[in-house]
>>> print(open('my_file-v1.cif').read())   # mmCIF, C-alpha atoms (C1' of nucleotides) and all ligand atoms
data_final
#
loop_
_atom_site.label_atom_id
_atom_site.label_comp_id
_atom_site.auth_asym_id
_atom_site.auth_seq_id
_atom_site.Cartn_x
_atom_site.Cartn_y
_atom_site.Cartn_z
CA MET A 1 95.45 67.71 88.58
CA THR A 2 98.35 65.41 89.28
CA ALA A 3 98.45 62.85 92.03
CA ILE A 4 100.11 64.28 95.10
CA GLY A 5 101.93 61.92 97.38
CA PHE A 6 104.34 59.65 95.60
CA SER A 7 107.07 61.29 93.66
CA GLY A 8 109.51 63.94 94.71
CA HIS A 9 107.79 67.12 95.63
CA ASP A 10 108.31 69.95 98.04
CA HIS A 11 106.72 68.29 101.00
CA SER A 12 107.43 71.06 103.47
CA ALA A 13 105.37 73.24 101.15
CA CYS A 14 102.62 70.60 101.30
CA ILE A 15 102.59 70.94 105.04
CA SER A 16 102.74 74.70 105.30
CA ASP A 17 100.17 75.17 102.52
CA ALA A 18 97.75 72.80 104.17
CA LEU A 19 98.13 74.41 107.57
CA ALA A 20 97.80 77.90 106.15
CA SER A 21 94.75 76.89 104.16
CA ALA A 22 93.16 75.26 107.19
CA GLU A 23 93.77 78.32 109.31
CA ALA A 24 92.37 80.64 106.67
CA ARG A 25 89.28 78.55 106.03
CA CYS A 26 88.56 78.21 109.72
CA ARG A 27 88.90 81.95 110.20
CA GLU A 28 86.56 82.63 107.28
CA ASN A 29 83.94 80.18 108.47
CA GLY A 30 84.11 80.67 112.19
CA TRP A 31 85.38 77.15 112.82
CA ARG A 32 87.90 76.65 115.59
CA LEU A 33 91.21 75.03 114.73
CA THR A 34 92.03 74.26 118.34
CA PRO A 35 95.49 73.02 119.41
CA MET A 36 94.28 69.42 119.54
CA ARG A 37 92.74 69.57 116.05
CA ARG A 38 95.77 71.34 114.70
CA ARG A 39 98.16 68.83 116.25
CA VAL A 40 96.26 65.90 114.73
CA LEU A 41 96.31 67.61 111.35
CA GLU A 42 100.07 68.14 111.66
CA LEU A 43 100.59 64.49 112.47
CA LEU A 44 98.53 63.47 109.44
CA LEU A 45 100.48 65.88 107.27
CA SER A 46 103.87 64.62 108.36
CA GLU A 47 103.86 61.93 105.68
CA HIS A 48 101.61 60.92 102.80
CA ARG A 49 100.54 57.87 104.70
CA ALA A 50 97.29 56.93 106.35
CA LEU A 51 97.29 56.80 110.14
CA GLY A 52 94.73 55.03 112.27
CA ALA A 53 93.17 56.68 115.28
CA TYR A 54 95.21 54.46 117.56
CA ASP A 55 98.42 55.33 115.70
CA LEU A 56 97.66 58.96 116.46
CA LEU A 57 96.98 58.12 120.09
CA LYS A 58 100.35 56.38 120.26
CA LEU A 59 102.14 59.34 118.70
CA LEU A 60 100.47 61.74 121.11
CA SER A 61 101.45 59.48 123.98
CA GLU A 62 105.06 59.44 122.81
CA GLU A 63 105.00 63.23 122.81
CA GLY A 64 104.01 63.12 126.46
CA GLN A 65 100.42 64.10 125.65
CA PRO A 66 98.43 60.92 126.24
CA ARG A 67 94.80 61.12 125.24
CA GLN A 68 91.76 58.86 125.19
CA PRO A 69 90.19 57.55 121.95
CA PRO A 70 87.22 59.94 121.86
CA VAL A 71 89.56 62.92 121.84
CA VAL A 72 91.30 61.78 118.68
CA TYR A 73 88.09 60.60 117.05
CA ARG A 74 86.54 64.00 117.66
CA ALA A 75 89.50 65.78 116.12
CA LEU A 76 89.27 63.44 113.13
CA ALA A 77 85.54 64.11 112.83
CA PHE A 78 86.19 67.84 112.73
CA LEU A 79 88.96 67.48 110.15
CA THR A 80 87.02 65.17 107.87
CA GLU A 81 83.74 67.10 108.13
CA HIS A 82 85.46 70.25 106.97
CA GLY A 83 87.57 68.64 104.28
CA PHE A 84 90.98 68.89 105.95
CA ALA A 85 91.38 65.13 106.03
CA HIS A 86 89.83 62.05 104.48
CA LYS A 87 89.13 58.59 105.80
CA ILE A 88 90.59 55.68 103.84
CA GLU A 89 87.90 53.06 104.37
CA ARG A 90 90.02 50.15 103.20
CA LEU A 91 92.58 50.87 105.89
CA ASN A 92 90.36 52.21 108.65
CA SER A 93 92.67 55.17 108.75
CA TYR A 94 93.00 58.81 107.87
CA VAL A 95 95.08 61.06 105.61
CA ALA A 96 95.44 64.79 105.37
CA CYS A 97 93.77 66.23 102.30
CA ALA A 98 96.23 66.97 99.53
CA HIS A 99 93.93 69.43 97.76
CA PRO A 100 92.84 71.68 100.57
CA GLY A 101 90.38 74.43 99.93
CA SER A 102 88.67 73.13 96.85
CA ALA A 103 85.56 71.01 96.83
CA HIS A 104 86.56 67.74 95.27
CA SER A 105 85.76 64.08 95.06
CA PRO A 106 89.08 62.43 95.78
CA ILE A 107 90.63 59.31 94.31
CA PHE A 108 93.18 57.55 96.48
CA LEU A 109 96.03 55.45 95.16
CA ILE A 110 97.27 53.25 97.99
CA CYS A 111 100.65 51.54 97.66
CA SER A 112 100.50 48.12 99.26
CA ALA A 113 104.30 47.94 99.39
CA CYS A 114 105.15 51.17 101.21
CA ASP A 115 101.71 52.23 102.45
CA LYS A 116 101.94 55.67 100.91
CA VAL A 117 98.68 57.23 99.79
CA ALA A 118 98.46 59.62 96.86
CA GLU A 119 95.40 61.74 96.30
CA THR A 120 94.14 62.82 92.94
CA THR A 121 90.72 63.99 91.85
CA SER A 122 88.01 62.80 89.51
CA PRO A 123 87.70 64.60 86.25
CA SER A 124 84.20 65.90 85.75
CA GLY A 125 81.87 63.73 83.73
CA ASN A 126 83.42 60.68 85.31
CA PRO A 127 81.86 57.26 84.79
CA LEU A 128 80.71 57.04 88.35
CA GLU A 129 78.44 60.02 87.79
CA ALA A 130 77.30 58.49 84.54
CA ALA A 131 76.54 55.15 86.17
CA ALA A 132 74.65 56.86 88.96
CA ARG A 133 72.59 58.94 86.57
CA GLU A 134 71.76 55.91 84.49
CA ALA A 135 70.53 54.08 87.57
CA GLY A 136 68.45 57.06 88.71
CA PHE A 137 70.63 57.31 91.79
CA ALA A 138 71.16 60.67 93.48
CA MET A 139 74.79 60.57 94.45
CA GLU A 140 75.89 62.46 97.53
CA ALA A 141 79.37 61.21 98.23
CA ALA A 142 81.79 58.79 96.68
CA ALA A 143 84.87 57.00 97.86
CA ILE A 144 87.29 55.75 95.24
CA GLU A 145 90.23 53.79 96.54
CA ALA A 146 92.70 51.89 94.40
CA SER A 147 95.35 49.51 95.71
CA GLY A 148 98.52 48.78 93.86
CA THR A 149 102.20 49.66 93.66
CA CYS A 150 103.62 53.16 93.50
CA PRO A 151 106.28 54.21 90.99
CA GLU A 152 109.12 54.06 93.50
CA CYS A 153 108.22 50.63 94.82
CA ARG A 154 107.80 49.40 91.27
CA ALA A 155 111.27 50.67 90.36
CA ARG A 156 112.69 48.99 93.45
CA GLN A 157 111.11 45.69 92.42
CA ASN A 158 112.54 45.92 88.93
CA GLU A 159 116.13 46.23 90.14
CA PRO A 160 116.13 43.76 93.01
CA ALA A 161 119.82 42.89 92.68
CA GLU A 162 121.68 45.20 95.05
CA MET B 1 75.85 47.47 81.88
CA THR B 2 72.93 48.34 84.05
CA ALA B 3 72.97 48.58 87.81
CA ILE B 4 71.49 45.53 89.44
CA GLY B 5 69.81 45.95 92.74
CA PHE B 6 67.34 48.78 92.87
CA SER B 7 64.49 48.58 90.47
CA GLY B 8 62.08 45.80 89.80
CA HIS B 9 63.81 42.76 88.47
CA ASP B 10 63.40 39.03 88.66
CA HIS B 11 65.14 38.58 91.93
CA SER B 12 64.57 34.86 92.24
CA ALA B 13 66.48 34.59 88.94
CA CYS B 14 69.26 36.66 90.58
CA ILE B 15 69.49 34.11 93.32
CA SER B 16 69.33 30.99 91.25
CA ASP B 17 71.74 32.37 88.64
CA ALA B 18 74.25 33.32 91.29
CA LEU B 19 74.04 29.95 93.00
CA ALA B 20 74.28 28.06 89.75
CA SER B 21 77.22 30.15 88.65
CA ALA B 22 78.98 29.63 91.96
CA GLU B 23 78.46 25.90 91.81
CA ALA B 24 79.71 25.71 88.25
CA ARG B 25 82.77 27.81 88.88
CA CYS B 26 83.67 25.86 91.98
CA ARG B 27 83.34 22.59 90.11
CA GLU B 28 85.53 23.88 87.27
CA ASN B 29 88.22 25.18 89.59
CA GLY B 30 88.24 22.51 92.23
CA TRP B 31 87.01 24.88 94.92
CA ARG B 32 84.64 23.52 97.52
CA LEU B 33 81.30 25.25 97.97
CA THR B 34 80.66 23.65 101.34
CA PRO B 35 77.28 23.88 103.09
CA MET B 36 78.53 26.68 105.33
CA ARG B 37 79.85 28.72 102.42
CA ARG B 38 76.74 28.08 100.40
CA ARG B 39 74.48 29.07 103.28
CA VAL B 40 76.31 32.35 103.78
CA LEU B 41 76.08 33.07 100.06
CA GLU B 42 72.35 32.35 100.14
CA LEU B 43 71.89 34.74 103.05
CA LEU B 44 73.80 37.44 101.19
CA LEU B 45 71.71 36.81 98.08
CA SER B 46 68.40 37.04 99.87
CA GLU B 47 68.29 40.80 99.40
CA HIS B 48 70.40 43.42 97.64
CA ARG B 49 71.57 44.69 100.95
CA ALA B 50 74.90 44.53 102.69
CA LEU B 51 75.09 42.32 105.76
CA GLY B 52 77.78 42.51 108.42
CA ALA B 53 79.49 39.40 109.70
CA TYR B 54 77.58 39.69 112.95
CA ASP B 55 74.28 40.08 111.10
CA LEU B 56 75.05 36.75 109.45
CA LEU B 57 75.92 35.21 112.80
CA LYS B 58 72.59 36.40 114.15
CA LEU B 59 70.70 34.95 111.18
CA LEU B 60 72.47 31.62 111.56
CA SER B 61 71.65 31.65 115.23
CA GLU B 62 67.99 32.29 114.50
CA GLU B 63 68.03 29.29 112.19
CA GLY B 64 69.19 27.19 115.12
CA GLN B 65 72.71 27.01 113.71
CA PRO B 66 74.76 29.21 116.03
CA ARG B 67 78.35 29.75 114.93
CA GLN B 68 81.39 31.65 116.15
CA PRO B 69 82.80 34.70 114.33
CA PRO B 70 85.74 32.94 112.64
CA VAL B 71 83.38 30.55 110.91
CA VAL B 72 81.51 33.34 109.20
CA TYR B 73 84.64 35.34 108.48
CA ARG B 74 86.19 32.32 106.82
CA ALA B 75 83.14 31.77 104.66
CA LEU B 76 83.23 35.45 103.71
CA ALA B 77 86.93 35.21 102.89
CA PHE B 78 86.25 32.30 100.56
CA LEU B 79 83.36 34.09 98.87
CA THR B 80 85.20 37.37 98.39
CA GLU B 81 88.46 35.76 97.26
CA HIS B 82 86.68 33.92 94.51
CA GLY B 83 84.44 36.78 93.45
CA PHE B 84 81.12 35.49 94.77
CA ALA B 85 80.76 38.41 97.16
CA HIS B 86 82.24 41.84 97.76
CA LYS B 87 83.02 43.76 100.89
CA ILE B 88 81.49 47.22 101.19
CA GLU B 89 84.23 49.01 103.09
CA ARG B 90 82.08 51.98 104.04
CA LEU B 91 79.62 49.72 105.83
CA ASN B 92 81.98 47.02 107.11
CA SER B 93 79.68 44.58 105.46
CA TYR B 94 79.25 42.24 102.57
CA VAL B 95 77.06 41.78 99.48
CA ALA B 96 76.67 38.96 97.02
CA CYS B 97 78.17 39.74 93.65
CA ALA B 98 75.57 40.78 91.10
CA HIS B 99 77.77 39.97 88.11
CA PRO B 100 79.03 36.52 88.94
CA GLY B 101 81.45 34.80 86.66
CA SER B 102 82.96 37.78 84.92
CA ALA B 103 86.08 39.55 86.07
CA HIS B 104 85.00 43.05 86.88
CA SER B 105 85.79 46.09 88.92
CA PRO B 106 82.52 46.87 90.63
CA ILE B 107 80.91 50.18 91.43
CA PHE B 108 78.50 50.18 94.35
CA LEU B 109 75.60 52.57 94.73
CA ILE B 110 74.52 52.55 98.36
CA CYS B 111 71.15 54.02 99.30
CA SER B 112 71.40 55.74 102.64
CA ALA B 113 67.59 55.71 103.03
CA CYS B 114 66.82 52.03 102.51
CA ASP B 115 70.33 50.50 102.70
CA LYS B 116 69.99 48.74 99.37
CA VAL B 117 73.18 48.27 97.40
CA ALA B 118 73.24 48.17 93.62
CA GLU B 119 76.24 46.92 91.73
CA THR B 120 77.32 48.17 88.36
CA THR B 121 80.68 48.02 86.63
CA SER B 122 83.23 50.48 85.31
CA PRO B 123 83.33 51.02 81.61
CA SER B 124 86.77 50.25 80.26
CA GLY B 125 89.13 53.13 79.81
CA ASN B 126 87.73 54.76 82.89
CA PRO B 127 89.42 57.79 84.42
CA LEU B 128 90.55 55.88 87.46
CA GLU B 129 92.77 53.83 85.19
CA ALA B 130 93.85 57.00 83.47
CA ALA B 131 94.72 58.68 86.76
CA ALA B 132 96.66 55.64 87.90
CA ARG B 133 98.59 55.45 84.65
CA GLU B 134 99.41 59.12 84.81
CA ALA B 135 100.78 58.70 88.32
CA GLY B 136 102.85 55.68 87.35
CA PHE B 137 100.77 53.59 89.70
CA ALA B 138 100.24 49.88 88.99
CA MET B 139 96.65 49.35 89.98
CA GLU B 140 95.64 45.94 91.29
CA ALA B 141 92.22 46.46 92.77
CA ALA B 142 89.78 49.31 93.10
CA ALA B 143 86.82 49.92 95.31
CA ILE B 144 84.31 52.50 94.18
CA GLU B 145 81.48 53.17 96.59
CA ALA B 146 78.93 55.93 96.18
CA SER B 147 76.36 56.94 98.79
CA GLY B 148 73.10 58.59 97.91
CA THR B 149 69.42 57.94 97.38
CA CYS B 150 67.99 55.24 95.15
CA PRO B 151 65.19 55.88 92.63
CA GLU B 152 62.47 54.38 94.82
CA CYS B 153 63.45 56.30 97.93
CA ARG B 154 63.71 59.46 95.87
CA ALA B 155 60.19 58.95 94.54
CA ARG B 156 58.94 58.34 98.05
CA GLN B 157 60.48 61.61 99.23
CA ASN B 158 58.88 63.56 96.41
CA GLU B 159 55.37 62.48 97.34
CA PRO B 160 55.50 62.64 101.11
CA ALA B 161 51.79 63.45 101.54
CA GLU B 162 50.00 60.18 102.01
"C1'" DA C 1 89.77 -1.47 105.23
"C1'" DG C 2 93.43 1.35 107.35
"C1'" DA C 3 96.87 5.04 107.15
"C1'" DT C 4 97.75 9.54 105.79
"C1'" DA C 5 97.52 14.38 104.44
"C1'" DG C 6 95.10 18.67 103.32
"C1'" DG C 7 91.72 21.47 104.07
"C1'" DA C 8 87.35 22.92 106.47
"C1'" DT C 9 85.15 23.79 110.68
"C1'" DG C 10 84.81 24.24 115.88
"C1'" DT C 11 86.32 26.89 119.91
"C1'" DT C 12 88.57 30.08 122.94
"C1'" DA C 13 90.61 34.12 123.58
"C1'" DT C 14 91.98 38.53 122.20
"C1'" DA C 15 93.17 42.52 119.13
"C1'" DC C 16 91.59 46.42 116.76
"C1'" DT C 17 88.17 50.19 115.63
"C1'" DA C 18 84.67 53.34 117.19
"C1'" DT C 19 81.14 55.61 120.05
"C1'" DA C 20 77.74 56.51 124.13
"C1'" DA C 21 77.27 59.01 128.14
"C1'" DC C 22 78.43 62.14 131.35
"C1'" DA C 23 81.88 65.39 133.77
"C1'" DT C 24 84.74 69.30 133.36
"C1'" DG C 25 86.92 73.17 131.36
"C1'" DT C 26 87.16 77.42 128.28
"C1'" DC C 27 85.68 81.55 126.27
"C1'" DG C 28 82.96 85.11 124.52
"C1'" DA C 29 78.21 87.57 124.88
"C1'" DC C 30 75.28 89.76 127.78
"C1'" DG D 1 79.87 87.60 136.95
"C1'" DT D 2 76.77 84.54 134.88
"C1'" DC D 3 75.18 82.17 131.06
"C1'" DG D 4 75.35 79.38 127.06
"C1'" DA D 5 77.89 77.09 123.46
"C1'" DC D 6 81.27 74.32 122.40
"C1'" DA D 7 85.63 71.68 123.24
"C1'" DT D 8 87.93 68.39 125.88
"C1'" DG D 9 88.47 64.82 129.66
"C1'" DT D 10 87.08 60.27 131.31
"C1'" DT D 11 84.91 55.83 131.85
"C1'" DA D 12 82.79 52.25 129.94
"C1'" DT D 13 81.23 49.60 126.22
"C1'" DA D 14 79.83 48.45 121.44
"C1'" DG D 15 81.19 46.67 117.02
"C1'" DT D 16 84.57 44.47 113.75
"C1'" DA D 17 88.13 41.08 112.93
"C1'" DT D 18 91.77 37.59 113.64
"C1'" DA D 19 95.36 34.44 116.10
"C1'" DA D 20 95.99 30.03 117.71
"C1'" DC D 21 94.94 25.55 118.38
"C1'" DA D 22 91.67 21.38 118.42
"C1'" DT D 23 88.82 18.47 115.80
"C1'" DC D 24 86.63 16.62 111.95
"C1'" DC D 25 85.92 15.37 107.16
"C1'" DT D 26 87.21 13.70 102.75
"C1'" DA D 27 90.13 12.13 99.09
"C1'" DT D 28 94.06 9.33 98.07
"C1'" DC D 29 97.39 5.74 98.56
"C1'" DT D 30 98.49 1.16 100.17
ZN ZN E 201 103.76 66.26 100.40
ZN ZN E 202 105.20 52.32 97.40
ZN ZN E 203 68.07 40.59 92.57
ZN ZN E 204 66.63 53.44 98.78
#
>>> encode(input="my_file-v1.cif", output="structure tokens")
Amino acid sequence: MTAIGFSGHDHSACISDALASAEARCRENGWRLTPMRRRVLELLLSEHRALGAYDLLKLLSEEGQPRQPPVVYRALAFLTEHGFAHKIERLNSYVACAHPGSAHSPIFLICSACDKVAETTSPSGNPLEAAAREAGFAMEAAAIEASGTCPECRARQNEPAE
Amino acid sequence: MTAIGFSGHDHSACISDALASAEARCRENGWRLTPMRRRVLELLLSEHRALGAYDLLKLLSEEGQPRQPPVVYRALAFLTEHGFAHKIERLNSYVACAHPGSAHSPIFLICSACDKVAETTSPSGNPLEAAAREAGFAMEAAAIEASGTCPECRARQNEPAE
DNA sequence: AGATAGGATGTTATACTATAACATGTCGAC
DNA sequence: GTCGACATGTTATAGTATAACATCCTATCT
């Protein structure tokens, strides 16, 4: 249950795993991973960074495939509803899910220096559940977003002399 | 550390405590709780509900004190920077802090039926800190927002027959 | 009191984020 | 081939937030 997104990892495996998982889950459930939805997912997967809807529109435009906002927002709605992507509320933007396939309540670690977003998951019996139970609150969904500095950016700050 | 916001409590004490605390802390720190800032804080305190900037503008207008968006956004910036209010990212709106005066990392419980927002705080040594430490991430701020149904709305649902 | 400087507010315009509403296209079931 | 369901295309607009500059207020120094 390590955080995926910051340190060296096989990112091409990230991408191919996520795409394969999305295809499999869509096939199993009768959802349609159309070219538009798949393209948006690929763009989100390209880096562990959150992209806004208008960033995606710009990228599509640069590929010679200009689209209007509702097109991208609908693709994002599909991806987030089915757990292939998450919205980062703090940034009004979207990241591909780093733990595809499993139901999970994600925790995001957002680096304010390099904008990378790592995703990890809550251990069970977490204090949010405890707080909710204590308050008699029936929790349905939770968003946990932390801002700070990632290991690489921290290392860079500690050796500023070139 | 109980959640403040849902169940019966002395809400007028909420309001007067928060205002007194804000005045005291501003006096101590040389911050200026101007009439505009104080009025916005009072509006946020009137209920345990998140208000958007444009809701506040509408309320001010209805009081015969119309203002432009930057005025309210600046008051909100002052209040959030100094811990008198918090932004609820999920709702693009703002609540008065229910634990004024103490440094804390709040947890919000947002009722999707009645829109009330309760604020509680993380116990120390919480797993978010643990996850951040494990990832080598230097956490600066965290936003924890849970959606669900509050005790009162849950009770109401369970006895729907009038 | 008058000059000055910092910060708070007033005002205009605009950027950024998201969705409503309706038209058109695609594809499989019948 | 037609029908229905769903996906996308298109236009317009709603909702959230800030840049930039003008003005005002207040505390301080002279
Ligand atoms: Zn990766
Ligand atoms: Zn970083
Ligand atoms: Zn109260
Ligand atoms: Zn409720």
>>> residues_near_point(input="my_file-v1.cif", point="(96.8, 48.5, 95.7)", cutoff="8 Å", atoms="all atoms listed in the file", output="JSON, numbers by chain")
{"A": [109, 110, 111, 112, 146, 147, 148, 149], "B": [138, 139, 140, 141, 142]}
>>> closest_atom_pairs(input="my_file-v1.cif", of="chain B", to="chain A", cutoff="9 Å", atoms="only C-alpha atoms", output="CSV")
residue,atom,partner,partner_atom,distance
B:Met1,CA,A:Ala131,CA,8.8
B:Thr2,CA,A:Ala135,CA,7.1
B:Ala3,CA,A:Ala135,CA,6.0
B:Ile4,CA,A:Ala135,CA,8.8
B:Phe6,CA,A:Ala135,CA,8.1
B:Ser7,CA,A:Ala135,CA,8.7
B:Glu89,CA,A:Glu89,CA,5.6
B:Arg90,CA,A:Glu89,CA,5.9
B:Asn92,CA,A:Glu89,CA,8.9
B:Ile107,CA,A:Leu128,CA,7.5
B:Leu109,CA,A:Ala132,CA,7.3
B:Ile110,CA,A:Met139,CA,8.9
B:Cys111,CA,A:Phe137,CA,8.2
B:Ala118,CA,A:Ala135,CA,8.9
B:Thr120,CA,A:Ala131,CA,7.4
B:Thr121,CA,A:Ala131,CA,8.3
B:Ser122,CA,A:Pro127,CA,6.9
B:Pro123,CA,A:Pro127,CA,7.2
B:Asn126,CA,A:Pro127,CA,6.7
B:Pro127,CA,A:Asn126,CA,6.7
B:Leu128,CA,A:Ser122,CA,7.7
B:Ala131,CA,A:Thr120,CA,7.5
B:Ala132,CA,A:Leu109,CA,7.3
B:Glu134,CA,A:Thr2,CA,7.8
B:Ala135,CA,A:Ala3,CA,6.0
B:Gly136,CA,A:Pro151,CA,5.2
B:Phe137,CA,A:Cys150,CA,4.8
B:Ala138,CA,A:Thr149,CA,5.1
B:Met139,CA,A:Gly148,CA,4.3
B:Glu140,CA,A:Gly148,CA,4.8
B:Ala141,CA,A:Ser147,CA,5.3
B:Ala142,CA,A:Ala146,CA,4.1
B:Ala143,CA,A:Glu145,CA,5.3
B:Ile144,CA,A:Ile144,CA,4.5
B:Glu145,CA,A:Ala143,CA,5.3
B:Ala146,CA,A:Ala142,CA,4.1
B:Ser147,CA,A:Ala141,CA,5.3
B:Gly148,CA,A:Met139,CA,4.3
B:Thr149,CA,A:Ala138,CA,5.1
B:Cys150,CA,A:Phe137,CA,4.7
B:Pro151,CA,A:Gly136,CA,5.2
B:Glu152,CA,A:Gly136,CA,9.0
B:Arg154,CA,A:Ala138,CA,7.9
>>> residues_around(input="my_file-v1.cif", residues="C:DC22", least_positions_apart="2", cutoff="12 Å", atoms="all atoms listed in the file", output="ChimeraX atom specification")
/C:20,24 /D:9-12
>>> write_last_selection(input="my_file-v1.cif", atoms="C-alpha atoms (C1' of nucleotides)", output="CSV table (one decimal), keeping the file's coordinate frame")
chain,number,residue,atom,x,y,z
C,20,DA,C1',77.7,56.5,124.1
C,24,DT,C1',84.7,69.3,133.4
D,9,DG,C1',88.5,64.8,129.7
D,10,DT,C1',87.1,60.3,131.3
D,11,DT,C1',84.9,55.8,131.8
D,12,DA,C1',82.8,52.2,129.9
>>> residues_around(input="my_file-v1.cif", residues="B:Leu41", least_positions_apart="6", cutoff="9 Å", atoms="only C-alpha atoms (C1' of nucleotides)", output="NGL selection string")
:B and (18-19 or 75-76 or 79 or 84-85 or 95-96)
>>> atom_distance(input="my_file-v1.cif", atom1="atom CA of B:Ala13", atom2="atom CA of B:Cys97")
13.6 Å
>>> closest_residue(input="my_file-v1.cif", among="B:Arg32, B:His99, B:His11, B:His82", to="chain C", atoms="only C-alpha atoms (C1' of nucleotides)")
B:Arg32
